[in-house]
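Colleague: My structure file coords.pdb, PDB, C-alpha atoms, is below:
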ATOM      1  CA  MET A 150     -25.406  15.005  14.596
ATOM      2  CA  ILE A 151     -24.221  15.741  11.089
ATOM      3  CA  GLY A 152     -24.698  19.391  10.127
ATOM      4  CA  ASN A 153     -24.875  20.832   6.618
ATOM      5  CA  ASP A 154     -21.119  21.454   6.442
ATOM      6  CA  SER A 155     -20.437  17.857   7.434
ATOM      7  CA  ALA A 156     -22.966  16.470   4.968
ATOM      8  CA  ALA A 157     -20.778  17.337   1.960
ATOM      9  CA  PRO A 158     -17.838  15.109   3.050
ATOM     10  CA  ARG A 159     -20.307  12.367   4.063
ATOM     11  CA  ASN A 160     -22.037  12.396   0.665
ATOM     12  CA  ALA A 161     -18.647  12.393  -1.037
ATOM     13  CA  TRP A 162     -17.599   9.395   1.092
ATOM     14  CA  LEU A 163     -20.698   7.435   0.054
ATOM     15  CA  LEU A 164     -20.159   8.354  -3.603
ATOM     16  CA  LEU A 165     -16.497   7.306  -3.410
ATOM     17  CA  LEU A 166     -17.377   3.915  -1.891
ATOM     18  CA  LEU A 167     -20.022   3.363  -4.551
ATOM     19  CA  ILE A 168     -17.819   4.192  -7.522
ATOM     20  CA  SER A 169     -14.905   2.233  -6.015
ATOM     21  CA  GLY A 170     -17.224  -0.777  -6.029
ATOM     22  CA  LEU A 171     -18.094  -0.130  -9.692
ATOM     23  CA  SER A 172     -14.401   0.024 -10.561
ATOM     24  CA  PHE A 173     -13.777  -3.293  -8.784
ATOM     25  CA  VAL A 174     -16.698  -4.917 -10.611
ATOM     26  CA  ALA A 175     -15.469  -3.550 -13.969
ATOM     27  CA  ALA A 176     -12.007  -5.032 -13.367
ATOM     28  CA  GLU A 177     -13.241  -8.422 -12.197
ATOM     29  CA  PHE A 178     -16.312  -9.086 -14.292
ATOM     30  CA  SER A 179     -16.274  -7.033 -17.484
ATOM     31  CA  ALA A 180     -15.939  -9.148 -20.619
ATOM     32  CA  GLU A 181     -14.767  -6.300 -22.838
ATOM     33  CA  ARG A 182     -11.288  -5.308 -21.627
ATOM     34  CA  HIS A 183     -11.098  -1.941 -23.415
ATOM     35  CA  ILE A 184     -14.326  -0.810 -21.781
ATOM     36  CA  ALA A 185     -13.187  -2.145 -18.398
ATOM     37  CA  ILE A 186      -9.883  -0.243 -18.531
ATOM     38  CA  ALA A 187     -11.612   2.954 -19.692
ATOM     39  CA  ALA A 188     -14.035   2.563 -16.759
ATOM     40  CA  ILE A 189     -11.240   1.849 -14.240
ATOM     41  CA  VAL A 190      -9.153   4.854 -15.312
ATOM     42  CA  GLY A 191     -12.183   7.147 -15.678
ATOM     43  CA  ILE A 192     -13.481   6.169 -12.242
ATOM     44  CA  ALA A 193     -10.006   6.685 -10.693
ATOM     45  CA  ALA A 194      -9.897  10.206 -12.182
ATOM     46  CA  ALA A 195     -13.449  10.927 -10.972
ATOM     47  CA  LYS A 196     -12.568   9.725  -7.454
ATOM     48  CA  ILE A 197      -9.517  11.977  -7.367
ATOM     49  CA  VAL A 198     -11.581  14.986  -8.444
ATOM     50  CA  VAL A 199     -14.171  14.207  -5.735
ATOM     51  CA  ILE A 200     -11.387  14.041  -3.109
ATOM     52  CA  LEU A 201      -9.821  17.274  -4.382
ATOM     53  CA  VAL A 202     -13.138  19.133  -4.333
ATOM     54  CA  ARG A 203     -14.998  17.673  -1.360
ATOM     55  CA  PHE A 204     -12.273  16.551   1.062
ATOM     56  CA  MET A 205      -9.376  18.859   0.205
ATOM     57  CA  ASP A 206     -11.492  21.964  -0.549
ATOM     58  CA  ILE A 207      -9.288  22.682  -3.525
ATOM     59  CA  ASP A 208     -11.295  25.865  -4.183
ATOM     60  CA  ARG A 209      -9.337  27.380  -1.267
ATOM     61  CA  ALA A 210      -5.999  26.565  -2.943
ATOM     62  CA  PRO A 211      -4.205  29.090  -5.163
ATOM     63  CA  ALA A 212      -5.431  29.012  -8.784
ATOM     64  CA  GLY A 213      -2.088  27.745 -10.102
ATOM     65  CA  ILE A 214      -2.082  24.753  -7.747
ATOM     66  CA  ARG A 215      -5.731  24.063  -8.600
ATOM     67  CA  ARG A 216      -5.044  24.008 -12.328
ATOM     68  CA  TYR A 217      -1.903  21.928 -11.795
ATOM     69  CA  LEU A 218      -3.644  19.205  -9.770
ATOM     70  CA  TYR A 219      -6.574  18.959 -12.191
ATOM     71  CA  GLY A 220      -4.053  18.801 -15.035
ATOM     72  CA  TRP A 221      -2.026  16.139 -13.199
ATOM     73  CA  THR A 222      -5.143  13.987 -12.816
ATOM     74  CA  LEU A 223      -5.988  14.364 -16.498
ATOM     75  CA  VAL A 224      -2.444  13.708 -17.739
ATOM     76  CA  CYS A 225      -1.928  10.645 -15.497
ATOM     77  CA  SER A 226      -5.280   9.149 -16.528
ATOM     78  CA  ALA A 227      -4.666   9.795 -20.224
ATOM     79  CA  ALA A 228      -1.121   8.381 -20.012
ATOM     80  CA  ILE A 229      -2.261   5.232 -18.206
ATOM     81  CA  PHE A 230      -5.068   4.583 -20.681
ATOM     82  CA  GLY A 231      -2.971   5.554 -23.711
ATOM     83  CA  LEU A 232      -0.053   3.311 -22.746
ATOM     84  CA  TRP A 233      -2.395   0.429 -21.913
ATOM     85  CA  TRP A 234      -4.035   0.861 -25.341
ATOM     86  CA  ALA A 235      -0.622   0.943 -27.040
ATOM     87  CA  ALA A 236       0.396  -2.306 -25.282
ATOM     88  CA  SER A 237      -2.819  -4.054 -26.282
ATOM     89  CA  ALA A 238      -2.609  -3.012 -29.958
TER      90      ALA A 238
ATOM     91  CA  MET B1311      -6.209  48.144  -4.799
ATOM     92  CA  PRO B1312      -7.060  44.946  -6.789
ATOM     93  CA  ALA B1313      -4.540  42.104  -6.697
ATOM     94  CA  ALA B1314      -3.704  42.451 -10.397
ATOM     95  CA  GLU B1315      -2.819  46.123  -9.933
ATOM     96  CA  LEU B1316      -0.736  45.324  -6.872
ATOM     97  CA  ALA B1317       1.172  42.673  -8.806
ATOM     98  CA  ALA B1318       1.662  45.067 -11.713
ATOM     99  CA  ALA B1319       2.925  47.718  -9.284
ATOM    100  CA  GLY B1320       5.600  45.314  -8.076
ATOM    101  CA  ALA B1321       3.902  44.269  -4.830
ATOM    102  CA  PRO B1322       4.822  40.722  -3.724
ATOM    103  CA  ARG B1323       2.361  38.087  -4.952
ATOM    104  CA  GLU B1324       0.530  35.975  -2.416
ATOM    105  CA  ARG B1325       2.510  32.764  -1.971
ATOM    106  CA  ALA B1326       0.891  29.340  -2.112
ATOM    107  CA  PRO B1327       0.825  27.619   1.293
ATOM    108  CA  ALA B1328       3.763  25.212   1.563
ATOM    109  CA  ILE B1329       1.543  22.144   1.990
ATOM    110  CA  TRP B1330      -0.057  22.693  -1.437
ATOM    111  CA  ILE B1331       3.359  23.048  -3.061
ATOM    112  CA  PHE B1332       4.486  19.842  -1.341
ATOM    113  CA  ILE B1333       1.353  18.011  -2.533
ATOM    114  CA  ALA B1334       1.854  19.202  -6.121
ATOM    115  CA  LEU B1335       5.514  18.097  -6.105
ATOM    116  CA  ASP B1336       4.792  14.743  -4.468
ATOM    117  CA  CYS B1337       1.967  14.015  -6.909
ATOM    118  CA  SER B1338       4.331  14.878  -9.768
ATOM    119  CA  SER B1339       6.899  12.330  -8.535
ATOM    120  CA  PHE B1340       4.251   9.630  -8.257
ATOM    121  CA  GLY B1341       2.828  10.631 -11.647
ATOM    122  CA  LEU B1342       6.240  10.071 -13.199
ATOM    123  CA  PHE B1343       6.400   6.685 -11.496
ATOM    124  CA  PHE B1344       2.963   5.741 -12.927
ATOM    125  CA  VAL B1345       4.030   6.673 -16.452
ATOM    126  CA  VAL B1346       7.324   4.741 -16.152
ATOM    127  CA  PHE B1347       5.384   1.700 -14.873
ATOM    128  CA  MET B1348       3.016   1.785 -17.851
ATOM    129  CA  ALA B1349       5.904   2.407 -20.277
ATOM    130  CA  GLN B1350       7.748  -0.656 -18.898
ATOM    131  CA  ARG B1351       4.536  -2.655 -19.225
ATOM    132  CA  LEU B1352       4.501  -1.866 -22.983
ATOM    133  CA  GLY B1353       7.295  -4.367 -23.625
ATOM    134  CA  GLN B1354       5.866  -7.224 -21.551
ATOM    135  CA  PRO B1355       2.125  -6.813 -20.957
ATOM    136  CA  ALA B1356       1.568 -10.555 -20.448
ATOM    137  CA  LEU B1357       4.140 -10.722 -17.619
ATOM    138  CA  PHE B1358       2.680  -7.620 -15.943
ATOM    139  CA  ASP B1359      -0.891  -8.947 -16.225
ATOM    140  CA  HIS B1360       0.071 -12.413 -14.989
ATOM    141  CA  SER B1361       1.948 -10.898 -12.019
ATOM    142  CA  SER B1362      -0.935  -8.538 -11.247
ATOM    143  CA  GLN B1363      -3.268 -11.535 -11.081
ATOM    144  CA  GLN B1364      -1.158 -12.903  -8.208
ATOM    145  CA  LEU B1365      -2.248  -9.931  -6.075
ATOM    146  CA  TYR B1366      -5.448 -10.020  -4.038
ATOM    147  CA  THR B1367      -7.667  -7.449  -5.754
ATOM    148  CA  ALA B1368     -10.175  -7.737  -2.901
ATOM    149  CA  LEU B1369      -7.506  -6.664  -0.381
ATOM    150  CA  GLY B1370      -6.494  -3.698  -2.538
ATOM    151  CA  PHE B1371     -10.173  -2.755  -2.781
ATOM    152  CA  LEU B1372     -10.586  -3.146   0.982
ATOM    153  CA  ASN B1373      -7.611  -0.840   1.536
ATOM    154  CA  ALA B1374      -9.109   1.716  -0.864
ATOM    155  CA  CYS B1375     -12.350   1.682   1.169
ATOM    156  CA  ILE B1376     -10.374   1.972   4.438
ATOM    157  CA  LEU B1377      -8.446   5.026   3.239
ATOM    158  CA  ILE B1378     -11.584   6.655   1.809
ATOM    159  CA  THR B1379     -13.387   6.173   5.140
ATOM    160  CA  SER B1380     -10.430   7.480   7.132
ATOM    161  CA  SER B1381     -10.161  10.458   4.770
ATOM    162  CA  TRP B1382     -13.846  11.235   5.267
ATOM    163  CA  LEU B1383     -13.458  11.228   9.075
ATOM    164  CA  VAL B1384     -10.441  13.549   8.796
ATOM    165  CA  ALA B1385     -12.335  15.864   6.389
ATOM    166  CA  TRP B1386     -15.195  15.941   8.903
ATOM    167  CA  ALA B1387     -12.724  16.740  11.704
ATOM    168  CA  ASN B1388     -11.473  19.646   9.614
ATOM    169  CA  VAL B1389     -15.034  20.962   9.179
ATOM    170  CA  VAL B1390     -15.770  20.869  12.933
ATOM    171  CA  GLY B1391     -12.273  22.224  13.678
ATOM    172  CA  ARG B1392     -13.005  25.298  11.532
ATOM    173  CA  GLN B1393     -16.162  25.798  13.620
ATOM    174  CA  GLY B1394     -14.045  25.694  16.793
ATOM    175  CA  ASP B1395     -15.301  22.336  18.118
ATOM    176  CA  PHE B1396     -11.850  20.947  18.885
ATOM    177  CA  ALA B1397     -13.093  18.180  21.217
ATOM    178  CA  GLN B1398     -15.141  16.695  18.362
ATOM    179  CA  ALA B1399     -12.270  17.229  15.908
ATOM    180  CA  LYS B1400      -9.927  15.284  18.218
ATOM    181  CA  LYS B1401     -12.413  12.397  18.432
ATOM    182  CA  LEU B1402     -12.873  12.265  14.671
ATOM    183  CA  ILE B1403      -9.117  12.316  14.071
ATOM    184  CA  ALA B1404      -8.719   9.448  16.559
ATOM    185  CA  TRP B1405     -11.427   7.481  14.710
ATOM    186  CA  GLY B1406      -9.752   8.291  11.407
ATOM    187  CA  MET B1407      -6.500   6.898  12.793
ATOM    188  CA  ALA B1408      -8.188   3.769  14.117
ATOM    189  CA  VAL B1409      -9.731   3.048  10.714
ATOM    190  CA  ALA B1410      -6.446   3.833   8.955
ATOM    191  CA  ALA B1411      -4.595   1.370  11.207
ATOM    192  CA  CYS B1412      -6.506  -1.384   9.351
ATOM    193  CA  PHE B1413      -4.745  -0.279   6.133
ATOM    194  CA  GLY B1414      -1.389  -1.079   7.780
ATOM    195  CA  LEU B1415      -2.633  -4.466   8.937
ATOM    196  CA  VAL B1416      -3.948  -5.411   5.495
ATOM    197  CA  LYS B1417      -0.803  -4.160   3.741
ATOM    198  CA  GLY B1418       1.374  -5.979   6.277
ATOM    199  CA  TYR B1419      -0.549  -9.193   5.632
ATOM    200  CA  GLU B1420      -0.133  -8.745   1.877
ATOM    201  CA  TYR B1421       3.635  -8.208   2.195
ATOM    202  CA  TYR B1422       3.930 -11.204   4.538
ATOM    203  CA  GLU B1423       1.924 -13.436   2.208
ATOM    204  CA  LYS B1424       3.936 -12.409  -0.858
ATOM    205  CA  LEU B1425       7.345 -12.632   0.802
ATOM    206  CA  SER B1426       6.598 -15.985   2.464
ATOM    207  CA  SER B1427       5.589 -17.437  -0.909
ATOM    208  CA  GLY B1428       8.923 -16.290  -2.371
ATOM    209  CA  VAL B1429       7.684 -13.227  -4.270
ATOM    210  CA  THR B1430      10.296 -10.558  -3.639
ATOM    211  CA  VAL B1431      11.421  -7.287  -5.140
ATOM    212  CA  SER B1432      13.678  -9.174  -7.571
ATOM    213  CA  THR B1433      11.067 -11.714  -8.764
ATOM    214  CA  ASN B1434      10.328  -9.696 -11.898
ATOM    215  CA  GLU B1435       9.918  -6.109 -13.081
ATOM    216  CA  PHE B1436       6.259  -5.932 -12.047
ATOM    217  CA  PHE B1437       7.068  -6.829  -8.445
ATOM    218  CA  THR B1438       9.983  -4.373  -8.383
ATOM    219  CA  PHE B1439       7.405  -1.685  -9.169
ATOM    220  CA  TYR B1440       4.898  -3.254  -6.765
ATOM    221  CA  TYR B1441       7.260  -3.074  -3.791
ATOM    222  CA  ALA B1442       8.666   0.333  -4.779
ATOM    223  CA  LEU B1443       5.283   2.019  -5.343
ATOM    224  CA  THR B1444       3.477   0.467  -2.380
ATOM    225  CA  GLY B1445       6.597   0.856  -0.194
ATOM    226  CA  ILE B1446       6.985   4.588  -0.878
ATOM    227  CA  HIS B1447       3.247   5.003  -0.400
ATOM    228  CA  PHE B1448       3.483   3.080   2.886
ATOM    229  CA  VAL B1449       6.170   5.494   4.139
ATOM    230  CA  HIS B1450       3.774   8.371   3.303
ATOM    231  CA  TYR B1451       1.055   6.490   5.215
ATOM    232  CA  LEU B1452       3.293   6.096   8.289
ATOM    233  CA  VAL B1453       4.200   9.805   8.241
ATOM    234  CA  GLY B1454       0.467  10.576   7.944
ATOM    235  CA  MET B1455      -0.304   8.372  10.957
ATOM    236  CA  VAL B1456       2.266  10.291  13.025
ATOM    237  CA  ILE B1457       0.681  13.600  11.905
ATOM    238  CA  LEU B1458      -2.810  12.334  12.802
ATOM    239  CA  GLY B1459      -1.437  11.137  16.160
ATOM    240  CA  VAL B1460      -0.170  14.654  16.900
ATOM    241  CA  LEU B1461      -3.474  16.225  15.737
ATOM    242  CA  ALA B1462      -5.443  13.811  17.951
ATOM    243  CA  GLN B1463      -3.799  15.489  20.977
ATOM    244  CA  GLY B1464      -5.721  18.707  20.244
ATOM    245  CA  PRO B1465      -4.532  22.314  20.665
ATOM    246  CA  HIS B1466      -1.415  22.979  22.737
ATOM    247  CA  PRO B1467      -2.592  22.898  26.388
ATOM    248  CA  TYR B1468      -0.068  25.389  27.775
ATOM    249  CA  ALA B1469      -0.093  28.081  25.064
ATOM    250  CA  PRO B1470      -2.539  31.029  25.304
ATOM    251  CA  PRO B1471      -5.918  29.711  23.996
ATOM    252  CA  ASP B1472      -6.234  32.144  21.066
ATOM    253  CA  GLN B1473      -2.764  31.327  19.838
ATOM    254  CA  ALA B1474      -3.162  27.575  20.465
ATOM    255  CA  HIS B1475      -6.507  27.441  18.645
ATOM    256  CA  ALA B1476      -5.276  29.404  15.622
ATOM    257  CA  SER B1477      -2.191  27.207  15.402
ATOM    258  CA  TYR B1478      -4.241  24.006  15.777
ATOM    259  CA  ARG B1479      -6.655  25.075  13.015
ATOM    260  CA  LYS B1480      -3.700  25.670  10.708
ATOM    261  CA  TRP B1481      -2.093  22.310  11.494
ATOM    262  CA  LEU B1482      -5.426  20.522  11.226
ATOM    263  CA  GLU B1483      -5.899  22.000   7.754
ATOM    264  CA  GLY B1484      -2.376  21.058   6.624
ATOM    265  CA  GLY B1485      -2.397  17.631   8.251
ATOM    266  CA  SER B1486      -5.736  16.718   6.732
ATOM    267  CA  LEU B1487      -4.567  17.843   3.277
ATOM    268  CA  TYR B1488      -1.546  15.571   3.618
ATOM    269  CA  TRP B1489      -3.770  12.657   4.674
ATOM    270  CA  HIS B1490      -6.106  13.150   1.696
ATOM    271  CA  MET B1491      -3.060  13.070  -0.589
ATOM    272  CA  VAL B1492      -2.172   9.615   0.830
ATOM    273  CA  ASP B1493      -5.706   8.483  -0.060
ATOM    274  CA  LEU B1494      -5.575  10.124  -3.492
ATOM    275  CA  LEU B1495      -2.282   8.426  -4.423
ATOM    276  CA  TRP B1496      -3.622   5.007  -3.406
ATOM    277  CA  ILE B1497      -6.443   5.399  -5.937
ATOM    278  CA  PHE B1498      -3.998   5.449  -8.872
ATOM    279  CA  ILE B1499      -1.690   2.818  -7.279
ATOM    280  CA  PHE B1500      -4.649   0.473  -6.713
ATOM    281  CA  SER B1501      -5.897   0.988 -10.277
ATOM    282  CA  LEU B1502      -2.447   0.417 -11.812
ATOM    283  CA  LEU B1503      -1.245  -2.558  -9.804
ATOM    284  CA  TYR B1504      -4.461  -4.417  -8.977
ATOM    285  CA  LEU B1505      -7.109  -3.479 -11.526
ATOM    286  CA  VAL B1506      -5.477  -2.846 -14.914
ATOM    287  CA  GLY B1507      -4.056  -6.385 -15.093
ATOM    288  CA  ALA B1508      -6.857  -8.143 -13.182
ATOM    289  CA  ARG B1509      -8.272 -11.484 -14.492
TER     290      ARG B1509
END
Represent the supplied structure as structure tokens.
Modeller:
Amino acid sequence: MIGNDSAAPRNAWLLLLLISGLSFVAAEFSAERHIAIAAIVGIAAAKIVVILVRFMDIDRAPAGIRRYLYGWTLVCSAAIFGLWWAASA
Amino acid sequence: MPAAELAAAGAPRERAPAIWIFIALDCSSFGLFFVVFMAQRLGQPALFDHSSQQLYTALGFLNACILITSSWLVAWANVVGRQGDFAQAKKLIAWGMAVAACFGLVKGYEYYEKLSSGVTVSTNEFFTFYYALTGIHFVHYLVGMVILGVLAQGPHPYAPPDQAHASYRKWLEGGSLYWHMVDLLWIFIFSLLYLVGAR
């Protein structure tokens, strides 16, 4: 039986599978490439935040590490999208 | 005395657990790799996109789902482990490992298929990155499987129960954090290699 504490990881798992599917669909079927890449990178960042919060319980980590990992996610996503945009210009 | 006052009075600050520092450093190394990959792509986007289209996006997606599912089972094991239900935690870790084994099979098939069709690390710059990024990630995966294998044995059977349980909780927490990092890194690797250049 899944208790309340176990429900949070389960809901996160379902959400992650769902948005992974959306990302796959965006990559394979979207006609507008800029929108597809924005969706792919945005969804990747969202998935990472869900894993950090729901699976890794990042709230238990020291504040510095917390800020660093959120910042890392943001910087990587922005760099990937920015460099893709620069290559397509 | 509040923590800020203690720090101001020269008391030692609370140190971050080593596993979090390791995760932050490892993510930084991969982050650098991601940026270098995209910077190299700037000069030859057509080659990178064409090479990316030779990968099986569906297999990358399948592996993402496998790691997410395994991560969920390990997160669940951590929740029940904190509540002291070590028998259930052991079972969930074993299931997490079983699911994760599929990642190795799929990745092995992908490597076999690519190498047997003559696509190697020296084929072009994209595939150099492909083998380097997925290879380093695969080493992390293998280390994670060993950690899960140790955790699936449960608390030390010969140590005093209190000590064994406290130690197991600590290792379960650290081991599961490491495993989630393996999952987390695959999300960016999958997006970069399989999705950005797809179609």
Colleague: I need the residue nearest Ile197 (chain A) from this list: B:Ala1328, B:Ala1349, B:Cys1337, B:Ala1368. Use only C-alpha atoms for the distance.
Modeller: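 Of B:Ala1328, B:Ala1349, B:Cys1337, B:Ala1368, the one nearest Ile197 (chain A) is B:Cys1337, counting only C-alpha atoms.
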Colleague: I'd like the contact shell of region 167-180 of chain A - 7 Å cut-off, all atoms listed in the file, skipping same-chain residues fewer than 5 positions apart - returned as a PyMOL selection string.
Modeller: (chain A and resi 185+188-189+192) or (chain B and resi 1505+1508-1509)
Colleague: Expressed in Å to a single decimal, how great is the separation between CA of Leu163 (chain A) and CA of Phe1500 (chain B)?
Modeller: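 Calculated distance between CA of Leu163 (chain A) and CA of Phe1500 (chain B) is 18.8 Å.
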Colleague: With all atoms listed in the file as the atoms that count, which of B:Leu1503, B:Leu1458, B:Met1491, B:Val1346 lies nearest to Ser1362 (chain B)?
Modeller: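 Residue with the minimum atom-to-atom distance to Ser1362 (chain B): B:Leu1503.
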Colleague: On this file, the ChimeraX specification (/A :<9) & /B gives some set of residues; write that set as number ranges by chain.
Modeller: B: 1324-1327, 1330-1331, 1333-1334, 1337-1338, 1341-1342, 1344-1345, 1348-1349, 1351-1355, 1367-1368, 1371, 1374-1375, 1378-1379, 1381-1387, 1389-1390, 1483, 1486-1487, 1490-1491, 1493-1495, 1497-1498, 1501-1502, 1504-1509
Colleague: Once you have the residues from the selection above, write them out as a PDB file, in the coordinates of the input, restricted to C-alpha atoms.
Modeller:
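Dumped to selection.pdb:
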ATOM      1  CA  GLU B1324       0.530  35.975  -2.416  1.00  0.00           C
ATOM      2  CA  ARG B1325       2.510  32.764  -1.971  1.00  0.00           C
ATOM      3  CA  ALA B1326       0.891  29.340  -2.112  1.00  0.00           C
ATOM      4  CA  PRO B1327       0.825  27.619   1.293  1.00  0.00           C
ATOM      5  CA  TRP B1330      -0.057  22.693  -1.437  1.00  0.00           C
ATOM      6  CA  ILE B1331       3.359  23.048  -3.061  1.00  0.00           C
ATOM      7  CA  ILE B1333       1.353  18.011  -2.533  1.00  0.00           C
ATOM      8  CA  ALA B1334       1.854  19.202  -6.121  1.00  0.00           C
ATOM      9  CA  CYS B1337       1.967  14.015  -6.909  1.00  0.00           C
ATOM     10  CA  SER B1338       4.331  14.878  -9.768  1.00  0.00           C
ATOM     11  CA  GLY B1341       2.828  10.631 -11.647  1.00  0.00           C
ATOM     12  CA  LEU B1342       6.240  10.071 -13.199  1.00  0.00           C
ATOM     13  CA  PHE B1344       2.963   5.741 -12.927  1.00  0.00           C
ATOM     14  CA  VAL B1345       4.030   6.673 -16.452  1.00  0.00           C
ATOM     15  CA  MET B1348       3.016   1.785 -17.851  1.00  0.00           C
ATOM     16  CA  ALA B1349       5.904   2.407 -20.277  1.00  0.00           C
ATOM     17  CA  ARG B1351       4.536  -2.655 -19.225  1.00  0.00           C
ATOM     18  CA  LEU B1352       4.501  -1.866 -22.983  1.00  0.00           C
ATOM     19  CA  GLY B1353       7.295  -4.367 -23.625  1.00  0.00           C
ATOM     20  CA  GLN B1354       5.866  -7.224 -21.551  1.00  0.00           C
ATOM     21  CA  PRO B1355       2.125  -6.813 -20.957  1.00  0.00           C
ATOM     22  CA  THR B1367      -7.667  -7.449  -5.754  1.00  0.00           C
ATOM     23  CA  ALA B1368     -10.175  -7.737  -2.901  1.00  0.00           C
ATOM     24  CA  PHE B1371     -10.173  -2.755  -2.781  1.00  0.00           C
ATOM     25  CA  ALA B1374      -9.109   1.716  -0.864  1.00  0.00           C
ATOM     26  CA  CYS B1375     -12.350   1.682   1.169  1.00  0.00           C
ATOM     27  CA  ILE B1378     -11.584   6.655   1.809  1.00  0.00           C
ATOM     28  CA  THR B1379     -13.387   6.173   5.140  1.00  0.00           C
ATOM     29  CA  SER B1381     -10.161  10.458   4.770  1.00  0.00           C
ATOM     30  CA  TRP B1382     -13.846  11.235   5.267  1.00  0.00           C
ATOM     31  CA  LEU B1383     -13.458  11.228   9.075  1.00  0.00           C
ATOM     32  CA  VAL B1384     -10.441  13.549   8.796  1.00  0.00           C
ATOM     33  CA  ALA B1385     -12.335  15.864   6.389  1.00  0.00           C
ATOM     34  CA  TRP B1386     -15.195  15.941   8.903  1.00  0.00           C
ATOM     35  CA  ALA B1387     -12.724  16.740  11.704  1.00  0.00           C
ATOM     36  CA  VAL B1389     -15.034  20.962   9.179  1.00  0.00           C
ATOM     37  CA  VAL B1390     -15.770  20.869  12.933  1.00  0.00           C
ATOM     38  CA  GLU B1483      -5.899  22.000   7.754  1.00  0.00           C
ATOM     39  CA  SER B1486      -5.736  16.718   6.732  1.00  0.00           C
ATOM     40  CA  LEU B1487      -4.567  17.843   3.277  1.00  0.00           C
ATOM     41  CA  HIS B1490      -6.106  13.150   1.696  1.00  0.00           C
ATOM     42  CA  MET B1491      -3.060  13.070  -0.589  1.00  0.00           C
ATOM     43  CA  ASP B1493      -5.706   8.483  -0.060  1.00  0.00           C
ATOM     44  CA  LEU B1494      -5.575  10.124  -3.492  1.00  0.00           C
ATOM     45  CA  LEU B1495      -2.282   8.426  -4.423  1.00  0.00           C
ATOM     46  CA  ILE B1497      -6.443   5.399  -5.937  1.00  0.00           C
ATOM     47  CA  PHE B1498      -3.998   5.449  -8.872  1.00  0.00           C
ATOM     48  CA  SER B1501      -5.897   0.988 -10.277  1.00  0.00           C
ATOM     49  CA  LEU B1502      -2.447   0.417 -11.812  1.00  0.00           C
ATOM     50  CA  TYR B1504      -4.461  -4.417  -8.977  1.00  0.00           C
ATOM     51  CA  LEU B1505      -7.109  -3.479 -11.526  1.00  0.00           C
ATOM     52  CA  VAL B1506      -5.477  -2.846 -14.914  1.00  0.00           C
ATOM     53  CA  GLY B1507      -4.056  -6.385 -15.093  1.00  0.00           C
ATOM     54  CA  ALA B1508      -6.857  -8.143 -13.182  1.00  0.00           C
ATOM     55  CA  ARG B1509      -8.272 -11.484 -14.492  1.00  0.00           C
TER      56      ARG B1509
END
Colleague: Write out as lines of an AutoDock Vina configuration file an axis-aligned box for region 1463-1479 of chain B: all of its atoms listed in the file, 3 Å added on each side, centre and edge lengths in Å with one decimal.
Modeller:
center_x = -3.4
center_y = 23.8
center_z = 20.4
size_x = 12.6
size_y = 22.7
size_z = 20.8
Colleague: For the atom pair CA of Ile1457 (chain B) and CA of Gly1394 (chain B), what is the interatomic distance in Å to one decimal place?
Modeller: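 A separation of 19.7 Å between them.
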Colleague: Between CA of Ser1339 (chain B) and CA of Val1409 (chain B), what is the distance, to one decimal in Å?
Modeller: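 Calculated distance between CA of Ser1339 (chain B) and CA of Val1409 (chain B) is 27.1 Å.
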Colleague: Hey, what's within 8 Å of Leu1482 (chain B) if we count all atoms listed in the file and toss same-chain stuff fewer than 6 positions away? As a ChimeraX atom specification, please?
Modeller: /B:1388,1391,1461
Colleague: Between B:Ile1499, B:Ala1397, B:Val1416, B:Leu1425, which is the closest to Tyr1366 (chain B) once you count all atoms listed in the file?
Modeller: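 Among the listed residues, B:Val1416 lies closest to Tyr1366 (chain B).
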Colleague: Considering only C-alpha atoms, can you say which of B:Leu1377, B:Trp1496, B:Tyr1422, B:Ile1329 comes closest to His1447 (chain B)?
Modeller: B:Trp1496
Colleague: Looking at B:Leu1365, B:Ala1404, B:Ala1356, B:Ala1411, which one is nearest to Phe1448 (chain B), with distances taken over all atoms listed in the file?
Modeller: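 Selected residue with least distance to Phe1448 (chain B): B:Ala1411.
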